[in-house]
Amino acid sequence: MRSRLTGFTLLELLVVLVIVGITLSFAVLSLGLRSDKDIVLEESRRIAALMQLASEEAVLQGRELAMQFEGGDYRFLVLDKDRWQAIEADKILRERSLPEGLHAELLVEGIGKPRAPTSGRLIYFYSSGEVSPFQLSLQDSQRKYLYTINGDAQGLIQYAEDDRRAG
């Protein structure tokens, strides 16, 4: 009489390992594990793109626009009858907040010093296509990663990783 051995076949074990591996990869991806560098890079890209859009919108609409940083928030403004009004109806140029742990320092040409508070300063986007020259620095809370967004008078807006670590 032959005795039958019980256990799992190699194929069954491989199938279980593949299923566990796929499940774990989805779990890790859903946690949204992003490094500080990724967060700073993503936000600097977003802000640079929004600034470029605001500059183009100012030209297309023939209106003066501005961007204001207030603490950890930033918003776009439009000049309406000699008063700056927040843009509220636009889903893209709406008020936003910086991700937690991200700090911004704004230097507008001729106004303030690099380490001065950013509140109250405006970056202007003129209907002529010009932009008030500025430098916006974004860095993580540990000051390991620093990205700068630069704008010149001709309306060129660029972002780059700064080799000089803030700190």
# chains A, B, ... in the order shown; residues from 1 in each chain; ligands from 1
call {"tool": "residues_around", "arguments": {"residues": "Ile123 of chain A", "least_positions_apart": "6", "cutoff": "8 Å", "atoms": "only C-alpha atoms", "output": "ChimeraX atom specification"}}
result
/A:66-68,108,131-134
call {"tool": "write_last_selection", "arguments": {"atoms": "N, CA and C atoms", "output": "tab-separated table (two decimals), in the first residue's frame"}}
result
chain	number	residue	atom	x	y	z
A	66	ALA	N	-1.21	89.13	-10.09
A	66	ALA	CA	-0.12	89.08	-9.11
A	66	ALA	C	-0.25	87.79	-8.31
A	67	MET	N	0.84	87.45	-7.66
A	67	MET	CA	0.87	86.28	-6.77
A	67	MET	C	1.37	86.75	-5.42
A	68	GLN	N	0.67	86.36	-4.37
A	68	GLN	CA	1.02	86.79	-3.02
A	68	GLN	C	1.27	85.57	-2.14
A	108	VAL	N	11.79	89.61	-4.01
A	108	VAL	CA	11.35	90.35	-5.19
A	108	VAL	C	12.36	91.45	-5.41
A	131	VAL	N	7.28	90.27	-16.15
A	131	VAL	CA	7.09	89.76	-14.79
A	131	VAL	C	8.05	90.52	-13.89
A	132	SER	N	7.59	90.86	-12.70
A	132	SER	CA	8.52	91.50	-11.77
A	132	SER	C	9.59	90.47	-11.40
A	133	PRO	N	10.87	90.82	-11.54
A	133	PRO	CA	11.94	89.85	-11.26
A	133	PRO	C	11.87	89.37	-9.80
A	134	PHE	N	12.02	88.06	-9.62
A	134	PHE	CA	11.91	87.47	-8.29
A	134	PHE	C	12.75	86.22	-8.19
call {"tool": "select_by_dssp", "arguments": {"residues": "segment 46-87 of chain A", "states": "strand (DSSP E or B)", "output": "ChimeraX atom specification"}}
result
/A:65-70,73-80,83-86
call {"tool": "write_last_selection", "arguments": {"atoms": "N, CA, C and O atoms", "output": "short mmCIF file (atom, residue, chain, number, x, y, z; two decimals), in the first residue's frame"}}
result
data_model
loop_
_atom_site.label_atom_id
_atom_site.label_comp_id
_atom_site.auth_asym_id
_atom_site.auth_seq_id
_atom_site.Cartn_x
_atom_site.Cartn_y
_atom_site.Cartn_z
N LEU A 65 -2.09 90.65 -13.23
CA LEU A 65 -2.24 89.63 -12.21
C LEU A 65 -1.05 89.70 -11.26
O LEU A 65 0.00 90.25 -11.61
N ALA A 66 -1.21 89.13 -10.09
CA ALA A 66 -0.12 89.08 -9.11
C ALA A 66 -0.25 87.79 -8.31
O ALA A 66 -1.30 87.15 -8.29
N MET A 67 0.84 87.45 -7.66
CA MET A 67 0.87 86.28 -6.77
C MET A 67 1.37 86.75 -5.42
O MET A 67 2.37 87.46 -5.34
N GLN A 68 0.67 86.36 -4.37
CA GLN A 68 1.02 86.79 -3.02
C GLN A 68 1.27 85.57 -2.14
O GLN A 68 0.49 84.62 -2.15
N PHE A 69 2.37 85.63 -1.39
CA PHE A 69 2.68 84.60 -0.40
C PHE A 69 2.35 85.16 0.97
O PHE A 69 2.75 86.26 1.32
N GLU A 70 1.61 84.38 1.74
CA GLU A 70 1.21 84.78 3.08
C GLU A 70 1.43 83.59 3.99
O GLU A 70 0.62 82.66 4.00
N ASP A 73 0.69 79.94 2.76
CA ASP A 73 -0.32 79.96 1.70
C ASP A 73 0.11 80.90 0.58
O ASP A 73 0.88 81.83 0.80
N TYR A 74 -0.42 80.65 -0.60
CA TYR A 74 -0.20 81.58 -1.71
C TYR A 74 -1.48 81.67 -2.53
O TYR A 74 -2.27 80.74 -2.58
N ARG A 75 -1.67 82.83 -3.12
CA ARG A 75 -2.87 83.06 -3.92
C ARG A 75 -2.55 84.00 -5.07
O ARG A 75 -1.57 84.73 -5.03
N PHE A 76 -3.42 83.97 -6.05
CA PHE A 76 -3.29 84.85 -7.20
C PHE A 76 -4.32 85.96 -7.08
O PHE A 76 -5.44 85.75 -6.61
N LEU A 77 -3.92 87.14 -7.50
CA LEU A 77 -4.75 88.33 -7.42
C LEU A 77 -4.91 88.94 -8.80
O LEU A 77 -4.06 88.77 -9.67
N VAL A 78 -6.00 89.67 -8.98
CA VAL A 78 -6.23 90.39 -10.23
C VAL A 78 -6.49 91.86 -9.88
O VAL A 78 -7.13 92.16 -8.87
N LEU A 79 -5.97 92.76 -10.69
CA LEU A 79 -6.18 94.19 -10.47
C LEU A 79 -7.54 94.57 -11.02
O LEU A 79 -7.80 94.44 -12.21
N ASP A 80 -8.42 95.02 -10.12
CA ASP A 80 -9.78 95.39 -10.51
C ASP A 80 -10.08 96.78 -9.97
O ASP A 80 -10.26 96.96 -8.77
N ARG A 83 -7.71 98.12 -7.27
CA ARG A 83 -7.64 97.28 -6.06
C ARG A 83 -7.29 95.86 -6.46
O ARG A 83 -7.80 95.33 -7.44
N TRP A 84 -6.43 95.22 -5.68
CA TRP A 84 -6.08 93.83 -5.91
C TRP A 84 -7.13 92.95 -5.25
O TRP A 84 -7.38 93.08 -4.05
N GLN A 85 -7.75 92.09 -6.04
CA GLN A 85 -8.77 91.17 -5.55
C GLN A 85 -8.28 89.74 -5.72
O GLN A 85 -7.69 89.40 -6.75
N ALA A 86 -8.56 88.90 -4.75
CA ALA A 86 -8.19 87.49 -4.85
C ALA A 86 -9.00 86.82 -5.95
O ALA A 86 -10.19 87.11 -6.10
#
call {"tool": "closest_residue", "arguments": {"among": "A:Glu161, A:Glu130, A:Glu95, A:Glu109", "to": "Leu50 of chain A", "atoms": "only C-alpha atoms"}}
result
A:Glu95
call {"tool": "atom_distance", "arguments": {"atom1": "atom CA of Asn150 of chain A", "atom2": "atom CA of Leu98 of chain A"}}
result
17.9 Å
call {"tool": "select_by_dssp", "arguments": {"residues": "chain A", "states": "alpha helix (DSSP H)", "output": "number ranges by chain"}}
result
A: 10-31, 36-61
call {"tool": "residues_around", "arguments": {"residues": "Val59 of chain A", "least_positions_apart": "2", "cutoff": "6 Å", "atoms": "only C-alpha atoms", "output": "MDAnalysis selection string"}}
result
chainID A and resid 56:57 61:62 127 129
call {"tool": "write_last_selection", "arguments": {"atoms": "C-alpha atoms", "output": "PDB file, in the first residue's frame"}}
result
ATOM      1  CA  GLU A  56       0.115  83.810 -20.016  1.00  0.00           C
ATOM      2  CA  GLU A  57      -3.363  84.557 -18.664  1.00  0.00           C
ATOM      3  CA  GLN A  61      -6.886  88.609 -20.857  1.00  0.00           C
ATOM      4  CA  GLY A  62      -5.100  91.958 -20.980  1.00  0.00           C
ATOM      5  CA  SER A 127      -0.455  92.206 -19.502  1.00  0.00           C
ATOM      6  CA  GLY A 129       4.162  89.764 -20.774  1.00  0.00           C
TER       7      GLY A 129
END
call {"tool": "atom_distance", "arguments": {"atom1": "atom CA of Gly101 of chain A", "atom2": "atom CA of Ser141 of chain A"}}
result
4.9 Å
call {"tool": "atom_distance", "arguments": {"atom1": "atom CA of Glu43 of chain A", "atom2": "atom CA of Asp90 of chain A"}}
result
19.4 Å
call {"tool": "closest_residue", "arguments": {"among": "A:Thr148, A:Ser35, A:Leu102, A:Leu93", "to": "Met51 of chain A", "atoms": "only C-alpha atoms"}}
result
A:Leu93
call {"tool": "closest_residue", "arguments": {"among": "A:Val15, A:Leu107, A:Leu31, A:Leu136", "to": "Ile47 of chain A", "atoms": "only C-alpha atoms"}}
result
A:Leu136
call {"tool": "closest_residue", "arguments": {"among": "A:Ile22, A:Leu60, A:Ile92, A:Ala49", "to": "Ile149 of chain A", "atoms": "only C-alpha atoms"}}
result
A:Ala49
call {"tool": "closest_residue", "arguments": {"among": "A:Gly71, A:Leu24, A:Ile157, A:Ile39", "to": "Arg121 of chain A", "atoms": "only C-alpha atoms"}}
result
A:Gly71
call {"tool": "closest_residue", "arguments": {"among": "A:Ser97, A:Ser44, A:Ser137, A:Ser55", "to": "Tyr124 of chain A", "atoms": "only C-alpha atoms"}}
result
A:Ser55
